[in-house]
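Student: Take this structure, written in structure tokens, and hold onto it; I'll ask about it next.
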Amino acid sequence: MSESEEAFDLAIIGAGVIGCAVASAAARAGRSVLLLERAAREGTGVTSRNSGVVHSGLYYPPGSRKARTCIQGQAMLYAWAERHRVAHRRTGKLVIVPAGAARVAEAVEALHALHDNARRSGARGCELISPDAVARLEPALPRCAAAMLCRESGIVDVHELTRSLLADACNRDAVLVTHAEVTSIKPSPAGFALESTRGSARAQRVVNAAGLYADQIARMLGLAEFTIHPCRGDYFRLRRTPTFNHLIYPVRAPGDPGLGIHLTLELDGGQRVGPDAEYVDAREDFGPAEHKHAMFLAATRRLLGPLSPDQLAYDGCGIRPKLRAPHEPADYDFIVREQPTGCVHLLGIESPGVTAALAIAEELRERSLL
Ligand SMILES: Cc1cc2nc3c(=O)[nH]c(=O)nc-3n(C[C@H](O)[C@H](O)[C@H](O)COP(=O)(O)OP(=O)(O)OC[C@H]3O[C@@H](n4cnc5c(N)ncnc54)[C@H](O)[C@@H]3O)c2cc1C
């Protein structure tokens, strides 16, 4: 790195949506920023393989960092997207209990509990609506037993969002170095000395935004209590089906590490179902999983009604950086941990990380961690 001997105010490890949001916030606060990314460009990690849903913050414990940054981040994301012309759409989301669901009464009770959780968390625009109202909103959906409408949920072009955050940072003199895998960080008298595959660098402060590898970076600085457990989510694409207007979700099953196989919409009109949740060994094995077709077909029929096998085609996967191990009963909150002073680790930034990105960066700024 030609910048090797210049000391930056802040070095950020990882140019995913989180690293780029942090870079933008730091550069706006007048810091000199060095962004080190091991891949050839920004946004090719977890940021490139997700549903692109702008979440409302229904599922997380009220007051948790996930709830807080999701709800605040949703408003910040829409404002950013409007200002920076990032493609997005407030589609709204329905959480439904299909009329033919097994144990309908239990599922309706769980829906009411979810609505109550959303209300206590401060999620905007969530209301229980009648099956008749659902039929008006989604004529192609079989009649349901109960539903919640989340008006503020939507979709965003995550790639454009990430690029716009990076461009904002670089317009304020942040420097992105690609093909720069950080291999060591050591505290030094003036801050931190970093070694990467593109040379060495110095910075007063460091933010670890390395996604699936954030636990390995944390270990370089003695923070060993967190381990990332890769949790894969596959998608199937709907073909020749009716067009739905909303994101459509089932009620999350207790203990499910995912949200249950649901319908997500794309900005170009595409419709996908997924992701499921399967713990895997490899952090980056994205090989196809066609064998899940029968399971996805059954889940999609339960949610959306009749569907023939050829209306569902495999469509890729993403891998979540979960802190929750397979045997653990509940998800972790997002972890923001400073260790040692001056180095902040962002760990377990799974969903709703895209939605929360701007609010996570804002939290770091407010706490003078940038
Ligand atoms: C299946 C799935 C669906 C999801 N759906 C949604 C959704 O609908 N809505 C939502 O809000 N969120 C969703 N998420 C979550 C969201 O995608 C993530 O929270 C977010 O993308 C995390 O961004 P990140 O910047 O932390 O990680 P990443 O994008 O992975 O960025 C980390 C970067 O660090 C780099 N890196 C790693 N190690 C090093 C190193 N040693 N040196 C230099 N660079 C390094 C990597 O190359 C990578 O580019 C979903 C996630 C998954 C997996």
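Ligands are numbered from 1 in the order shown, chains are lettered A, B, ... in the order of the structure tokens, and residues start at 1 in each chain.
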Find the spatial neighbours of region 114-123 of chain A, counting only C-alpha atoms, within a cut-off of 8 Å - ignore same-chain residues fewer than 6 positions away - and output them as a ChimeraX atom specification.

Tutor: /A:56-63,67-68,71,148

Student: Atoms to include: N, CA and C atoms. Write the selected residues as a CSV table (one decimal), in the first residue's frame.

Tutor:
```csv
chain,number,residue,atom,x,y,z
A,56,SER,N,-38.9,-4.1,9.4
A,56,SER,CA,-39.6,-3.1,10.3
A,56,SER,C,-39.2,-3.3,11.7
A,57,GLY,N,-38.6,-4.5,12.1
A,57,GLY,CA,-38.2,-4.7,13.5
A,57,GLY,C,-39.2,-5.3,14.3
A,58,LEU,N,-39.8,-6.4,13.8
A,58,LEU,CA,-40.9,-7.1,14.6
A,58,LEU,C,-40.4,-8.1,15.5
A,59,TYR,N,-39.3,-8.7,15.2
A,59,TYR,CA,-38.9,-10.0,15.8
A,59,TYR,C,-38.0,-10.0,17.0
A,60,TYR,N,-37.4,-8.8,17.3
A,60,TYR,CA,-36.3,-8.8,18.2
A,60,TYR,C,-36.8,-8.3,19.6
A,61,PRO,N,-36.1,-8.6,20.7
A,61,PRO,CA,-36.6,-8.2,22.0
A,61,PRO,C,-36.6,-6.7,22.0
A,62,PRO,N,-37.7,-6.1,22.5
A,62,PRO,CA,-37.8,-4.6,22.6
A,62,PRO,C,-36.6,-4.0,23.3
A,63,GLY,N,-36.0,-3.0,22.8
A,63,GLY,CA,-34.8,-2.4,23.4
A,63,GLY,C,-33.5,-3.0,23.0
A,67,ALA,N,-33.4,-4.5,17.5
A,67,ALA,CA,-34.7,-3.8,17.4
A,67,ALA,C,-34.5,-2.3,17.1
A,68,ARG,N,-33.6,-1.8,18.0
A,68,ARG,CA,-33.3,-0.3,17.9
A,68,ARG,C,-32.7,0.1,16.5
A,71,ILE,N,-35.2,-0.5,13.5
A,71,ILE,CA,-36.3,0.5,13.4
A,71,ILE,C,-35.7,1.9,13.0
A,148,MET,N,-51.1,-9.9,9.9
A,148,MET,CA,-50.6,-8.6,10.3
A,148,MET,C,-50.0,-7.9,9.0
```

Student: Residues contacting ligand 1 - anything with an atom at most 7 Å away, using only C-alpha atoms and all ligand atoms - can you give me those as a VMD selection string?

Tutor: chain A and resid 13 to 19 36 to 39 42 to 55 180 to 183 209 to 214 217 232 to 234 275 317 to 320 349 to 356

Student: Write a file of the selected residues as a compact mmCIF listing (two decimals), in the first residue's frame, keeping N, CA and C atoms.

Tutor:
```
# COMPACT_ATOMS: atom_id res chain seq x y z
N ILE A 13 -12.08 -2.75 8.48
CA ILE A 13 -11.80 -4.04 7.83
C ILE A 13 -13.10 -4.58 7.27
N GLY A 14 -13.21 -4.62 5.95
CA GLY A 14 -14.39 -5.16 5.30
C GLY A 14 -15.24 -4.07 4.67
N ALA A 15 -15.43 -4.20 3.34
CA ALA A 15 -16.25 -3.21 2.62
C ALA A 15 -17.57 -3.82 2.19
N GLY A 16 -18.28 -4.41 3.15
CA GLY A 16 -19.67 -4.79 2.92
C GLY A 16 -20.55 -3.58 3.23
N VAL A 17 -21.85 -3.82 3.31
CA VAL A 17 -22.75 -2.68 3.55
C VAL A 17 -22.44 -2.01 4.90
N ILE A 18 -21.98 -2.82 5.88
CA ILE A 18 -21.69 -2.25 7.20
C ILE A 18 -20.41 -1.41 7.15
N GLY A 19 -19.34 -1.99 6.60
CA GLY A 19 -18.09 -1.23 6.51
C GLY A 19 -18.28 0.05 5.71
N LEU A 36 -10.18 -1.47 4.13
CA LEU A 36 -9.40 -2.60 3.63
C LEU A 36 -10.34 -3.75 3.29
N GLU A 37 -10.32 -4.18 2.05
CA GLU A 37 -11.25 -5.23 1.60
C GLU A 37 -10.46 -6.32 0.89
N ARG A 38 -10.70 -7.54 1.33
CA ARG A 38 -9.95 -8.65 0.78
C ARG A 38 -10.38 -9.03 -0.64
N ALA A 39 -11.62 -8.77 -0.99
CA ALA A 39 -12.13 -9.12 -2.33
C ALA A 39 -11.73 -8.04 -3.35
N GLU A 42 -16.18 -3.83 -3.46
CA GLU A 42 -17.05 -3.72 -2.29
C GLU A 42 -18.29 -4.62 -2.45
N GLY A 43 -18.84 -5.03 -1.32
CA GLY A 43 -20.17 -5.64 -1.33
C GLY A 43 -20.27 -7.01 -1.95
N THR A 44 -19.21 -7.82 -1.92
CA THR A 44 -19.31 -9.15 -2.52
C THR A 44 -19.50 -10.26 -1.47
N GLY A 45 -19.54 -9.90 -0.18
CA GLY A 45 -19.71 -10.90 0.88
C GLY A 45 -21.18 -11.15 1.17
N VAL A 46 -21.53 -11.22 2.45
CA VAL A 46 -22.93 -11.49 2.85
C VAL A 46 -23.86 -10.47 2.18
N THR A 47 -23.32 -9.27 2.00
CA THR A 47 -24.08 -8.17 1.39
C THR A 47 -24.59 -8.50 -0.01
N SER A 48 -23.95 -9.46 -0.69
CA SER A 48 -24.35 -9.75 -2.07
C SER A 48 -25.34 -10.91 -2.15
N ARG A 49 -25.66 -11.53 -1.02
CA ARG A 49 -26.50 -12.74 -1.06
C ARG A 49 -27.54 -12.66 0.04
N ASN A 50 -28.56 -11.87 -0.19
CA ASN A 50 -29.62 -11.76 0.82
C ASN A 50 -30.93 -11.41 0.14
N SER A 51 -31.95 -11.11 0.95
CA SER A 51 -33.28 -10.89 0.38
C SER A 51 -33.54 -9.43 0.02
N GLY A 52 -32.68 -8.53 0.48
CA GLY A 52 -32.88 -7.11 0.17
C GLY A 52 -34.14 -6.53 0.79
N VAL A 53 -34.58 -7.12 1.90
CA VAL A 53 -35.81 -6.62 2.54
C VAL A 53 -35.44 -5.51 3.53
N VAL A 54 -36.20 -4.44 3.48
CA VAL A 54 -36.06 -3.37 4.47
C VAL A 54 -37.04 -3.72 5.60
N HIS A 55 -36.48 -4.24 6.69
CA HIS A 55 -37.31 -4.80 7.75
C HIS A 55 -37.88 -3.71 8.65
N ALA A 180 -6.95 -6.61 -0.28
CA ALA A 180 -6.17 -6.35 0.94
C ALA A 180 -6.76 -7.16 2.08
N GLU A 181 -6.32 -8.40 2.20
CA GLU A 181 -6.78 -9.23 3.31
C GLU A 181 -5.95 -8.90 4.56
N VAL A 182 -6.62 -8.49 5.61
CA VAL A 182 -5.91 -8.15 6.84
C VAL A 182 -5.46 -9.44 7.50
N THR A 183 -4.16 -9.54 7.76
CA THR A 183 -3.60 -10.78 8.32
C THR A 183 -3.13 -10.59 9.76
N ALA A 209 -15.40 -4.90 10.55
CA ALA A 209 -16.70 -5.15 9.90
C ALA A 209 -16.53 -6.28 8.90
N ALA A 210 -15.87 -7.37 9.34
CA ALA A 210 -15.46 -8.44 8.42
C ALA A 210 -16.52 -9.53 8.24
N GLY A 211 -17.75 -9.29 8.65
CA GLY A 211 -18.85 -10.20 8.32
C GLY A 211 -18.62 -11.61 8.84
N LEU A 212 -18.55 -12.58 7.92
CA LEU A 212 -18.39 -13.99 8.29
C LEU A 212 -17.05 -14.27 8.96
N TYR A 213 -16.13 -13.33 8.86
CA TYR A 213 -14.78 -13.54 9.42
C TYR A 213 -14.49 -12.61 10.60
N ALA A 214 -15.50 -11.92 11.08
CA ALA A 214 -15.28 -10.93 12.15
C ALA A 214 -14.76 -11.59 13.42
N ILE A 217 -10.96 -11.90 13.05
CA ILE A 217 -10.29 -10.60 13.26
C ILE A 217 -10.28 -10.29 14.77
N ARG A 232 -26.72 -21.35 6.50
CA ARG A 232 -27.04 -21.15 5.08
C ARG A 232 -28.54 -20.94 4.87
N GLY A 233 -28.88 -20.13 3.89
CA GLY A 233 -30.28 -19.95 3.51
C GLY A 233 -30.40 -20.05 2.00
N ASP A 234 -31.18 -21.01 1.51
CA ASP A 234 -31.37 -21.18 0.07
C ASP A 234 -32.64 -20.49 -0.41
N PRO A 275 -35.31 -17.36 2.58
CA PRO A 275 -34.35 -18.44 2.72
C PRO A 275 -34.74 -19.37 3.86
N CYS A 317 -28.07 -19.06 -2.84
CA CYS A 317 -28.13 -19.06 -1.38
C CYS A 317 -27.26 -17.94 -0.80
N GLY A 318 -27.45 -17.69 0.50
CA GLY A 318 -26.57 -16.80 1.24
C GLY A 318 -26.18 -17.51 2.53
N ILE A 319 -25.17 -16.99 3.22
CA ILE A 319 -24.74 -17.61 4.48
C ILE A 319 -24.69 -16.56 5.58
N ARG A 320 -25.45 -16.84 6.64
CA ARG A 320 -25.57 -15.87 7.74
C ARG A 320 -24.39 -16.02 8.72
N ILE A 349 -23.46 -9.80 12.62
CA ILE A 349 -24.32 -8.85 11.88
C ILE A 349 -25.07 -9.62 10.78
N GLU A 350 -26.00 -10.43 11.23
CA GLU A 350 -26.89 -11.16 10.33
C GLU A 350 -28.09 -10.27 10.04
N SER A 351 -29.19 -10.83 9.53
CA SER A 351 -30.39 -10.03 9.31
C SER A 351 -30.85 -9.44 10.64
N PRO A 352 -31.23 -8.19 10.74
CA PRO A 352 -31.51 -7.23 9.69
C PRO A 352 -30.35 -6.26 9.43
N GLY A 353 -29.17 -6.81 9.09
CA GLY A 353 -27.98 -5.97 8.97
C GLY A 353 -28.05 -4.91 7.87
N VAL A 354 -28.65 -5.26 6.73
CA VAL A 354 -28.76 -4.25 5.67
C VAL A 354 -29.62 -3.09 6.17
N THR A 355 -30.78 -3.45 6.74
CA THR A 355 -31.71 -2.42 7.22
C THR A 355 -31.05 -1.56 8.29
N ALA A 356 -30.25 -2.20 9.14
CA ALA A 356 -29.70 -1.51 10.32
C ALA A 356 -28.40 -0.77 10.04
```

Student: Skipping near chain neighbours, those fewer than 6 positions away, what residues fall within 9 Å of region 300-307 of chain A using only C-alpha atoms, listed as a ChimeraX atom specification?

Tutor: /A:96-98,100-101,140-142,241,248-250,261-263,273-274

Student: Would you list the contacts of Leu165 (chain A) as a list in words, taking every protein, DNA or RNA residue within 7 Å and counting only C-alpha atoms, but skipping same-chain residues closer than 3 positions in sequence?

Tutor: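 Close residues of Leu165 (chain A): Cys20, Ala21, Ser24, Leu161, Thr162, Asp168 and Ala169 of chain A.
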
Student: Atoms to include: N, CA and C atoms. Write the selected residues as a CSV table (one decimal), in the first residue's frame.

Tutor:
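Printed below is out-v1.csv as written:
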```csv
chain,number,residue,atom,x,y,z
A,20,CYS,N,-19.1,0.0,4.6
A,20,CYS,CA,-19.3,1.2,3.8
A,20,CYS,C,-20.1,2.2,4.5
A,21,ALA,N,-21.1,1.8,5.3
A,21,ALA,CA,-21.9,2.7,6.1
A,21,ALA,C,-21.0,3.4,7.2
A,24,SER,N,-18.8,6.0,5.5
A,24,SER,CA,-19.5,7.2,5.2
A,24,SER,C,-19.7,8.0,6.4
A,161,LEU,N,-27.1,0.4,-2.8
A,161,LEU,CA,-27.0,1.0,-1.5
A,161,LEU,C,-25.5,1.1,-1.0
A,162,THR,N,-24.9,-0.1,-1.1
A,162,THR,CA,-23.5,-0.2,-0.7
A,162,THR,C,-22.6,0.7,-1.5
A,168,ASP,N,-20.0,7.9,-1.2
A,168,ASP,CA,-20.2,9.1,-0.3
A,168,ASP,C,-18.9,9.2,0.5
A,169,ALA,N,-18.4,8.1,1.0
A,169,ALA,CA,-17.1,8.1,1.8
A,169,ALA,C,-16.0,8.5,0.9
```

Student: Out of A:Leu238, A:Met295, A:Ala133, A:Ala218, which residue has the shortest atom-to-atom distance to Glu338 (chain A) when counting only C-alpha atoms?

Tutor: A:Ala218

Student: Give me, as an MDAnalysis selection string, all polymer residues having an atom no more than 9 Å from Ile129 (chain A), counting only C-alpha atoms and skipping those fewer than 6 positions away in the same chain.

Tutor: chainID A and resid 146:149

Student: Would you save the residues from that selection as a short mmCIF file (atom, residue, chain, number, x, y, z; two decimals), in the first residue's frame, using C-alpha atoms?

Tutor:
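Final output, saved to part-v6.cif:
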```cif
data_model
loop_
_atom_site.label_atom_id
_atom_site.label_comp_id
_atom_site.auth_asym_id
_atom_site.auth_seq_id
_atom_site.Cartn_x
_atom_site.Cartn_y
_atom_site.Cartn_z
CA ALA A 146 -55.39 -14.06 10.47
CA ALA A 147 -52.79 -11.53 9.36
CA MET A 148 -50.61 -8.57 10.27
CA LEU A 149 -49.81 -5.84 7.77
#
```

Student: Give me every helix (DSSP H, G or I) residue in region 67-153 of chain A, going by DSSP on the backbone, as a JSON list (two decimals) with N, CA and C atoms, in the first residue's frame.

Tutor:
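Below is the file out04.json, written as the result:
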```
[["chain", "number", "residue", "atom", "x", "y", "z"],
["A", 67, "ALA", "N", -33.45, -4.53, 17.55],
["A", 67, "ALA", "CA", -34.73, -3.81, 17.41],
["A", 67, "ALA", "C", -34.47, -2.33, 17.15],
["A", 68, "ARG", "N", -33.60, -1.76, 17.96],
["A", 68, "ARG", "CA", -33.34, -0.32, 17.89],
["A", 68, "ARG", "C", -32.75, 0.07, 16.54],
["A", 69, "THR", "N", -31.68, -0.65, 16.12],
["A", 69, "THR", "CA", -31.01, -0.23, 14.88],
["A", 69, "THR", "C", -31.84, -0.59, 13.65],
["A", 70, "CYS", "N", -32.68, -1.62, 13.77],
["A", 70, "CYS", "CA", -33.54, -1.96, 12.62],
["A", 70, "CYS", "C", -34.59, -0.86, 12.42],
["A", 71, "ILE", "N", -35.20, -0.46, 13.51],
["A", 71, "ILE", "CA", -36.28, 0.53, 13.38],
["A", 71, "ILE", "C", -35.72, 1.90, 12.97],
["A", 72, "GLN", "N", -34.65, 2.30, 13.63],
["A", 72, "GLN", "CA", -34.02, 3.58, 13.26],
["A", 72, "GLN", "C", -33.40, 3.47, 11.87],
["A", 73, "GLY", "N", -32.77, 2.31, 11.60],
["A", 73, "GLY", "CA", -32.10, 2.11, 10.32],
["A", 73, "GLY", "C", -33.08, 2.11, 9.16],
["A", 74, "GLN", "N", -34.29, 1.59, 9.38],
["A", 74, "GLN", "CA", -35.29, 1.58, 8.31],
["A", 74, "GLN", "C", -35.58, 3.02, 7.84],
["A", 75, "ALA", "N", -35.82, 3.90, 8.82],
["A", 75, "ALA", "CA", -36.13, 5.29, 8.46],
["A", 75, "ALA", "C", -34.91, 5.95, 7.80],
["A", 76, "MET", "N", -33.72, 5.66, 8.34],
["A", 76, "MET", "CA", -32.51, 6.26, 7.76],
["A", 76, "MET", "C", -32.26, 5.72, 6.35],
["A", 77, "LEU", "N", -32.52, 4.42, 6.16],
["A", 77, "LEU", "CA", -32.28, 3.82, 4.84],
["A", 77, "LEU", "C", -33.20, 4.42, 3.78],
["A", 78, "TYR", "N", -34.50, 4.55, 4.12],
["A", 78, "TYR", "CA", -35.41, 5.14, 3.13],
["A", 78, "TYR", "C", -35.00, 6.58, 2.80],
["A", 79, "ALA", "N", -34.61, 7.34, 3.83],
["A", 79, "ALA", "CA", -34.21, 8.74, 3.59],
["A", 79, "ALA", "C", -32.95, 8.77, 2.71],
["A", 80, "TRP", "N", -32.00, 7.87, 3.02],
["A", 80, "TRP", "CA", -30.77, 7.81, 2.22],
["A", 80, "TRP", "C", -31.09, 7.43, 0.78],
["A", 81, "ALA", "N", -31.92, 6.40, 0.64],
["A", 81, "ALA", "CA", -32.25, 5.89, -0.71],
["A", 81, "ALA", "C", -32.93, 6.99, -1.53],
["A", 82, "GLU", "N", -33.79, 7.78, -0.88],
["A", 82, "GLU", "CA", -34.45, 8.85, -1.64],
["A", 82, "GLU", "C", -33.43, 9.91, -2.04],
["A", 83, "ARG", "N", -32.57, 10.28, -1.08],
["A", 83, "ARG", "CA", -31.61, 11.35, -1.35],
["A", 83, "ARG", "C", -30.57, 10.92, -2.40],
["A", 104, "VAL", "N", -54.01, -23.97, 13.94],
["A", 104, "VAL", "CA", -54.31, -22.57, 13.59],
["A", 104, "VAL", "C", -54.37, -21.69, 14.84],
["A", 105, "ALA", "N", -55.03, -22.17, 15.89],
["A", 105, "ALA", "CA", -55.22, -21.34, 17.08],
["A", 105, "ALA", "C", -53.87, -20.92, 17.68],
["A", 106, "GLU", "N", -52.94, -21.88, 17.74],
["A", 106, "GLU", "CA", -51.59, -21.56, 18.26],
["A", 106, "GLU", "C", -50.90, -20.53, 17.39],
["A", 107, "ALA", "N", -51.05, -20.69, 16.07],
["A", 107, "ALA", "CA", -50.39, -19.77, 15.14],
["A", 107, "ALA", "C", -50.99, -18.37, 15.27],
["A", 108, "VAL", "N", -52.30, -18.28, 15.46],
["A", 108, "VAL", "CA", -52.94, -16.96, 15.62],
["A", 108, "VAL", "C", -52.44, -16.31, 16.91],
["A", 109, "GLU", "N", -52.32, -17.11, 17.94],
["A", 109, "GLU", "CA", -51.79, -16.58, 19.21],
["A", 109, "GLU", "C", -50.36, -16.06, 19.01],
["A", 110, "ALA", "N", -49.55, -16.82, 18.26],
["A", 110, "ALA", "CA", -48.16, -16.38, 18.00],
["A", 110, "ALA", "C", -48.15, -15.09, 17.17],
["A", 111, "LEU", "N", -49.10, -14.96, 16.26],
["A", 111, "LEU", "CA", -49.19, -13.73, 15.45],
["A", 111, "LEU", "C", -49.50, -12.53, 16.35],
["A", 112, "HIS", "N", -50.42, -12.74, 17.29],
["A", 112, "HIS", "CA", -50.77, -11.64, 18.21],
["A", 112, "HIS", "C", -49.58, -11.28, 19.09],
["A", 113, "ALA", "N", -48.82, -12.30, 19.51],
["A", 113, "ALA", "CA", -47.63, -12.03, 20.33],
["A", 113, "ALA", "C", -46.59, -11.25, 19.51],
["A", 114, "LEU", "N", -46.48, -11.58, 18.23],
["A", 114, "LEU", "CA", -45.54, -10.87, 17.35],
["A", 114, "LEU", "C", -45.97, -9.40, 17.19],
["A", 115, "HIS", "N", -47.26, -9.21, 17.02],
["A", 115, "HIS", "CA", -47.77, -7.84, 16.90],
["A", 115, "HIS", "C", -47.50, -7.05, 18.17],
["A", 116, "ASP", "N", -47.69, -7.70, 19.29],
["A", 116, "ASP", "CA", -47.43, -7.03, 20.57],
["A", 116, "ASP", "C", -45.94, -6.70, 20.70],
["A", 117, "ASN", "N", -45.09, -7.63, 20.28],
["A", 117, "ASN", "CA", -43.64, -7.39, 20.33],
["A", 117, "ASN", "C", -43.26, -6.20, 19.43],
["A", 118, "ALA", "N", -43.86, -6.17, 18.26],
["A", 118, "ALA", "CA", -43.58, -5.07, 17.32],
["A", 118, "ALA", "C", -44.00, -3.73, 17.94],
["A", 119, "ARG", "N", -45.17, -3.73, 18.58],
["A", 119, "ARG", "CA", -45.69, -2.49, 19.19],
["A", 119, "ARG", "C", -44.77, -2.04, 20.32],
["A", 120, "ARG", "N", -44.36, -3.00, 21.15],
["A", 120, "ARG", "CA", -43.49, -2.64, 22.30],
["A", 120, "ARG", "C", -42.10, -2.20, 21.82],
["A", 121, "SER", "N", -41.68, -2.71, 20.67],
["A", 121, "SER", "CA", -40.36, -2.32, 20.13],
["A", 121, "SER", "C", -40.39, -0.94, 19.49],
["A", 131, "PRO", "N", -59.05, -11.16, 7.53],
["A", 131, "PRO", "CA", -58.89, -11.97, 6.30],
["A", 131, "PRO", "C", -59.51, -11.30, 5.07],
["A", 132, "ASP", "N", -60.62, -10.57, 5.25],
["A", 132, "ASP", "CA", -61.21, -9.86, 4.11],
["A", 132, "ASP", "C", -60.27, -8.79, 3.57],
["A", 133, "ALA", "N", -59.62, -8.08, 4.50],
["A", 133, "ALA", "CA", -58.68, -7.03, 4.08],
["A", 133, "ALA", "C", -57.50, -7.66, 3.32],
["A", 134, "VAL", "N", -57.05, -8.83, 3.78],
["A", 134, "VAL", "CA", -55.95, -9.52, 3.08],
["A", 134, "VAL", "C", -56.41, -9.89, 1.67],
["A", 135, "ALA", "N", -57.64, -10.38, 1.56],
["A", 135, "ALA", "CA", -58.15, -10.79, 0.24],
["A", 135, "ALA", "C", -58.18, -9.59, -0.72],
["A", 136, "ARG", "N", -58.46, -8.41, -0.19],
["A", 136, "ARG", "CA", -58.46, -7.23, -1.06],
["A", 136, "ARG", "C", -57.03, -6.85, -1.48],
["A", 137, "LEU", "N", -56.08, -7.00, -0.53],
["A", 137, "LEU", "CA", -54.69, -6.62, -0.83],
["A", 137, "LEU", "C", -54.01, -7.65, -1.74]]
```

Student: For each of A:Thr264, A:Gln204, A:Gln271, A:Ser64, take the minimum atom-to-atom distance to Ile185 (chain A), counting only C-alpha atoms, then give the residue where this is smallest.

Tutor: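 Residue with the minimum atom-to-atom distance to Ile185 (chain A): A:Gln204.
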
Student: Check the smallest atom-to-atom distance from each of A:Thr341, A:Asn208, A:Ser153, A:Gln216 to Val22 (chain A) using only C-alpha atoms, then report the winner.

Tutor: A:Asn208

Student: Region 144-261 of chain A near region 296-299 of chain A within 9 Å: what's each residue's closest atom pair and its distance in Å to one decimal, counting only C-alpha atoms, ordered by chain then ascending residue number, as JSON lines?

Tutor:
```
{"residue": "A:Tyr235", "atom": "CA", "partner": "A:Phe296", "partner_atom": "CA", "distance": 8.6}
{"residue": "A:Phe236", "atom": "CA", "partner": "A:Phe296", "partner_atom": "CA", "distance": 7.5}
{"residue": "A:Gly260", "atom": "CA", "partner": "A:Ala299", "partner_atom": "CA", "distance": 8.8}
{"residue": "A:Ile261", "atom": "CA", "partner": "A:Ala299", "partner_atom": "CA", "distance": 6.7}
```

Student: Would you mind exporting N, CA and C atoms of the selected residues as a compact mmCIF listing (two decimals), in the first residue's frame?

Tutor:
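Output file again_10.txt follows:
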```txt
# COMPACT_ATOMS: atom_id res chain seq x y z
N TYR A 235 -32.67 -20.20 -1.70
CA TYR A 235 -33.82 -19.55 -2.34
C TYR A 235 -34.28 -20.37 -3.55
N PHE A 236 -35.58 -20.34 -3.82
CA PHE A 236 -36.12 -20.85 -5.08
C PHE A 236 -36.92 -19.72 -5.73
N GLY A 260 -38.70 -18.49 8.67
CA GLY A 260 -39.65 -19.36 7.96
C GLY A 260 -39.61 -19.00 6.48
N ILE A 261 -39.75 -20.00 5.63
CA ILE A 261 -39.68 -19.75 4.18
C ILE A 261 -40.80 -18.80 3.78
```

Student: If you run DSSP on the backbone, which residues of region 253-292 of chain A are strand (DSSP E or B), as JSON, numbers by chain?

Tutor: {"A": [262, 263, 264, 265, 271, 272, 273, 274, 278, 279]}

Student: Let's have the selection written as a PDB file, in the first residue's frame, with N, CA and C atoms.

Tutor:
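Output contents, as saved in out-v4.pdb:
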```pdb
ATOM      1  N   HIS A 262     -40.413 -17.683   3.139  1.00  0.00           N
ATOM      2  CA  HIS A 262     -41.387 -16.634   2.836  1.00  0.00           C
ATOM      3  C   HIS A 262     -41.209 -16.123   1.409  1.00  0.00           C
ATOM      4  N   LEU A 263     -42.130 -15.292   0.977  1.00  0.00           N
ATOM      5  CA  LEU A 263     -42.079 -14.725  -0.370  1.00  0.00           C
ATOM      6  C   LEU A 263     -41.368 -13.377  -0.322  1.00  0.00           C
ATOM      7  N   THR A 264     -40.304 -13.259  -1.131  1.00  0.00           N
ATOM      8  CA  THR A 264     -39.678 -11.943  -1.257  1.00  0.00           C
ATOM      9  C   THR A 264     -39.843 -11.461  -2.693  1.00  0.00           C
ATOM     10  N   LEU A 265     -39.930 -10.162  -2.824  1.00  0.00           N
ATOM     11  CA  LEU A 265     -40.137  -9.532  -4.128  1.00  0.00           C
ATOM     12  C   LEU A 265     -38.851  -8.849  -4.557  1.00  0.00           C
ATOM     13  N   GLN A 271     -39.968 -12.877  -8.242  1.00  0.00           N
ATOM     14  CA  GLN A 271     -40.508 -13.345  -6.955  1.00  0.00           C
ATOM     15  C   GLN A 271     -39.743 -14.601  -6.550  1.00  0.00           C
ATOM     16  N   ARG A 272     -39.262 -14.591  -5.309  1.00  0.00           N
ATOM     17  CA  ARG A 272     -38.506 -15.748  -4.799  1.00  0.00           C
ATOM     18  C   ARG A 272     -39.092 -16.197  -3.478  1.00  0.00           C
ATOM     19  N   VAL A 273     -38.864 -17.459  -3.136  1.00  0.00           N
ATOM     20  CA  VAL A 273     -39.191 -17.923  -1.783  1.00  0.00           C
ATOM     21  C   VAL A 273     -37.907 -18.378  -1.105  1.00  0.00           C
ATOM     22  N   GLY A 274     -37.873 -18.239   0.204  1.00  0.00           N
ATOM     23  CA  GLY A 274     -36.692 -18.554   1.002  1.00  0.00           C
ATOM     24  C   GLY A 274     -36.429 -17.397   1.931  1.00  0.00           C
ATOM     25  N   GLU A 278     -30.090 -23.434   7.573  1.00  0.00           N
ATOM     26  CA  GLU A 278     -29.400 -24.720   7.753  1.00  0.00           C
ATOM     27  C   GLU A 278     -27.956 -24.435   8.186  1.00  0.00           C
ATOM     28  N   TYR A 279     -27.592 -24.897   9.378  1.00  0.00           N
ATOM     29  CA  TYR A 279     -26.202 -24.722   9.819  1.00  0.00           C
ATOM     30  C   TYR A 279     -25.286 -25.568   8.943  1.00  0.00           C
TER      31      TYR A 279
END
```

Student: Write out as a list in words the residues lying within 7 Å of Ala27 (chain A), counting only C-alpha atoms and excluding same-chain residues fewer than 5 positions away.

Tutor: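 Here the answer would be Ser32, Val33, Ala169, Arg172 and Ala174 of chain A.
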
Student: Applying 7 Å and only C-alpha atoms, which residues near His246 (chain A) remain after dropping the ones on its own chain fewer than 6 positions away? List them as a VMD selection string.

Tutor: chain A and resid 91 to 94

Student: Can I get the selected residues back with C-alpha atoms, as a PDB file, in the first residue's frame?

Tutor:
```pdb
ATOM      1  CA  THR A  91     -44.031  -2.887  -0.788  1.00  0.00           C
ATOM      2  CA  GLY A  92     -45.453  -3.578   2.657  1.00  0.00           C
ATOM      3  CA  LYS A  93     -45.330  -7.008   4.242  1.00  0.00           C
ATOM      4  CA  LEU A  94     -47.999  -9.477   5.363  1.00  0.00           C
TER       5      LEU A  94
END
```
